[in-house]
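Asker: Supplied in structure tokens, the structure appears directly below.
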Amino acid sequence: MACTHSKDCQLYAQFAMEPSLRLWKQRYCVSEYEQCARYQLALEGKSVPLTLLPNGRRVKQRSKEQMSAAALFNAILKQRVPMVKSMLKTGLPSERVMSADGMTPLMASASVGNVELAEIMLEHGCNPHAKNFKGETALDIALRGGFTDCARVIEKAQSKMTAEEYEMQQEENEKEDEPSVSTVVGLLKKLNPFA
Ligand code: SF4
């Protein structure tokens, strides 16, 4: 039996798309959840710190940039399209956000087969040729999931610009002003993507 807290566990929101989350899920959430330090604390009616891991260890408070990236991935995986749009309106640079294993917001959108999200990420400059650390593109991920509509959209974007042209475009974008992190974080607090 899986942990009854899985639906709302803040660990998922904080570490969305991180490889470590998959391991914790396998080790705790779908099997030995009674051993999970977060679960035990919640059972005692105590507040569960964001920094507490299932094995009882604490991680350092994550940076604002890491929290913003995790919030974006979390919203994509939950397919909360209006929330994703709001985050991107603040200038959150989706084309530069990446998980620890090289997943981009476009790849995350492809992994859930959401065409609208894939189109949004492409409009915001996500590189359809980018590869994660396994060497997969968003197109590979969409095809592996059987999401042919999503795959078609990504394939079309790939045909419009070469990988080199995308890289040049990203370099140009990076020269422009960075968005204010405090603006992004302020918005994320208001939206509460960790709910
Ligand atoms: S991390 Fe712990 S509390 Fe959260 S869903 Fe997994 S087992 Fe449950």
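In the structure tokens, the first chain shown is A, the next is B, and so on; residue numbers restart at 1 for each chain, and ligands run from 1 in the order shown.
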Enumerate, in order of chain and increasing residue number, the residues of chain A with an atom no farther than 10 Å from ligand 1, each with its shortest atom pair and distance in Å to one decimal, counting only C-alpha atoms and all ligand atoms, as CSV.

Answerer:
residue,atom,partner,partner_atom_place_in_ligand_line,distance
A:Ala2,CA,ligand 1,7 (S),7.7
A:Cys3,CA,ligand 1,8 (Fe),4.7
A:Thr4,CA,ligand 1,8 (Fe),6.5
A:His5,CA,ligand 1,5 (S),4.7
A:Ser6,CA,ligand 1,5 (S),3.6
A:Lys7,CA,ligand 1,5 (S),7.1
A:Asp8,CA,ligand 1,5 (S),7.5
A:Cys9,CA,ligand 1,4 (Fe),4.6
A:Gln10,CA,ligand 1,4 (Fe),7.0
A:Leu11,CA,ligand 1,1 (S),5.9
A:Tyr12,CA,ligand 1,4 (Fe),7.5
A:Leu21,CA,ligand 1,1 (S),8.7
A:Trp24,CA,ligand 1,1 (S),6.8
A:Lys25,CA,ligand 1,6 (Fe),5.9
A:Gln26,CA,ligand 1,6 (Fe),8.9
A:Arg27,CA,ligand 1,7 (S),8.4
A:Tyr28,CA,ligand 1,7 (S),4.8
A:Cys29,CA,ligand 1,6 (Fe),3.7
A:Val30,CA,ligand 1,7 (S),7.2
A:Ser31,CA,ligand 1,7 (S),8.0
A:Glu32,CA,ligand 1,7 (S),7.2
A:Tyr33,CA,ligand 1,7 (S),4.0
A:Glu34,CA,ligand 1,7 (S),7.0
A:Gln35,CA,ligand 1,7 (S),7.6
A:Cys36,CA,ligand 1,2 (Fe),4.8
A:Ala37,CA,ligand 1,2 (Fe),6.7
A:Arg38,CA,ligand 1,3 (S),4.7
A:Tyr39,CA,ligand 1,3 (S),3.9
A:Gln40,CA,ligand 1,3 (S),7.6
A:Leu41,CA,ligand 1,3 (S),8.6
A:Ala42,CA,ligand 1,3 (S),7.5
A:Leu43,CA,ligand 1,3 (S),9.3
A:Val48,CA,ligand 1,3 (S),9.0
A:Leu52,CA,ligand 1,1 (S),9.2
A:Leu53,CA,ligand 1,1 (S),7.1
A:Pro54,CA,ligand 1,1 (S),5.3
A:Asn55,CA,ligand 1,2 (Fe),8.8

Asker: Keeping only C-alpha atoms, write the selected residues as a PDB file, in the first residue's frame.

Answerer:
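Saved file result.pdb follows:
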ATOM      1  CA  ALA A   2       1.201   3.512  -0.796  1.00  0.00           C
ATOM      2  CA  CYS A   3       1.488   6.335   1.712  1.00  0.00           C
ATOM      3  CA  THR A   4      -1.791   8.179   2.218  1.00  0.00           C
ATOM      4  CA  HIS A   5       0.146  11.495   2.244  1.00  0.00           C
ATOM      5  CA  SER A   6       1.452  11.026  -1.301  1.00  0.00           C
ATOM      6  CA  LYS A   7      -1.078  13.360  -2.861  1.00  0.00           C
ATOM      7  CA  ASP A   8      -0.068  16.420  -0.838  1.00  0.00           C
ATOM      8  CA  CYS A   9       3.444  15.599   0.336  1.00  0.00           C
ATOM      9  CA  GLN A  10       5.558  18.747   0.067  1.00  0.00           C
ATOM     10  CA  LEU A  11       8.619  16.643  -0.648  1.00  0.00           C
ATOM     11  CA  TYR A  12       7.214  16.008  -4.131  1.00  0.00           C
ATOM     12  CA  LEU A  21      12.661  11.862  -5.515  1.00  0.00           C
ATOM     13  CA  TRP A  24      12.591   8.102  -2.056  1.00  0.00           C
ATOM     14  CA  LYS A  25       9.295   7.170  -3.657  1.00  0.00           C
ATOM     15  CA  GLN A  26      10.472   3.603  -4.281  1.00  0.00           C
ATOM     16  CA  ARG A  27      12.068   3.232  -0.868  1.00  0.00           C
ATOM     17  CA  TYR A  28       9.375   4.904   1.247  1.00  0.00           C
ATOM     18  CA  CYS A  29       6.223   6.217  -0.427  1.00  0.00           C
ATOM     19  CA  VAL A  30       5.134   2.999  -2.142  1.00  0.00           C
ATOM     20  CA  SER A  31       6.425   0.527   0.419  1.00  0.00           C
ATOM     21  CA  GLU A  32       7.906   1.357   3.816  1.00  0.00           C
ATOM     22  CA  TYR A  33       6.084   4.629   4.371  1.00  0.00           C
ATOM     23  CA  GLU A  34       5.684   3.905   8.093  1.00  0.00           C
ATOM     24  CA  GLN A  35       9.467   4.269   8.346  1.00  0.00           C
ATOM     25  CA  CYS A  36       9.389   7.733   6.784  1.00  0.00           C
ATOM     26  CA  ALA A  37      10.411  10.515   9.175  1.00  0.00           C
ATOM     27  CA  ARG A  38       8.024  12.940   7.495  1.00  0.00           C
ATOM     28  CA  TYR A  39       5.127  10.497   7.829  1.00  0.00           C
ATOM     29  CA  GLN A  40       5.911   9.810  11.483  1.00  0.00           C
ATOM     30  CA  LEU A  41       6.030  13.507  12.351  1.00  0.00           C
ATOM     31  CA  ALA A  42       2.751  14.163  10.545  1.00  0.00           C
ATOM     32  CA  LEU A  43       1.134  11.271  12.431  1.00  0.00           C
ATOM     33  CA  VAL A  48       6.798  18.751   9.013  1.00  0.00           C
ATOM     34  CA  LEU A  52      13.204  17.001   6.399  1.00  0.00           C
ATOM     35  CA  LEU A  53      13.909  13.962   4.216  1.00  0.00           C
ATOM     36  CA  PRO A  54      12.185  10.566   4.592  1.00  0.00           C
ATOM     37  CA  ASN A  55      15.353   9.092   6.093  1.00  0.00           C
TER      38      ASN A  55
END

Asker: Please extract the residues of stretch 78-122 of chain A with a backbone DSSP assignment of alpha helix (DSSP H) and present them as a PyMOL selection string.

Answerer: chain A and resi 81-89+105-111+115-122

Asker: Given the choices A:Gln170, A:Asn132, A:Thr162, A:Ser109, which gets closest to A:Gly145 if the distance is worked out from only C-alpha atoms?

Answerer: A:Ser109

Asker: Using only C-alpha atoms, which protein or nucleic acid residues come within 12 Å of A:Ala157? Drop anything in the same chain fewer than 5 positions from it, and give the result as a PyMOL selection string.

Answerer: chain A and resi 106+118-123+125-130+138-139+150-152+162-163+165-166

Asker: At what distance in Å, to one decimal, does atom CA of A:Phe73 lie from atom CA of A:Ser47?

Answerer: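 A separation of 24.5 Å between them.
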
Asker: Please, what distance in Å, to one decimal, runs between atom CA of A:Ala100 and atom CA of A:Leu72?

Answerer: 14.1 Å

Asker: With distances taken over only C-alpha atoms, which of A:Glu155, A:Glu171, A:Glu18, A:Asp101 is nearest to A:Lys134?

Answerer: A:Asp101

Asker: So what do you get for atom CA of A:Ser68 versus atom CA of A:Arg96, distance-wise?

Answerer: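 These atoms are spaced 11.8 Å apart.
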
Asker: Determine, counting only C-alpha atoms, which protein, DNA and RNA residues have an atom within 7 Å of an atom of A:Thr51; residues of the same chain fewer than 3 positions away are not included. Present the result as a compact mmCIF listing (two decimals) with C-alpha atoms, in the first residue's frame.

Answerer:
# COMPACT_ATOMS: atom_id res chain seq x y z
CA ARG A 58 17.85 17.44 6.81
CA VAL A 59 18.79 19.15 3.59
CA LYS A 60 20.03 22.71 3.48
CA GLN A 61 17.35 25.26 2.75
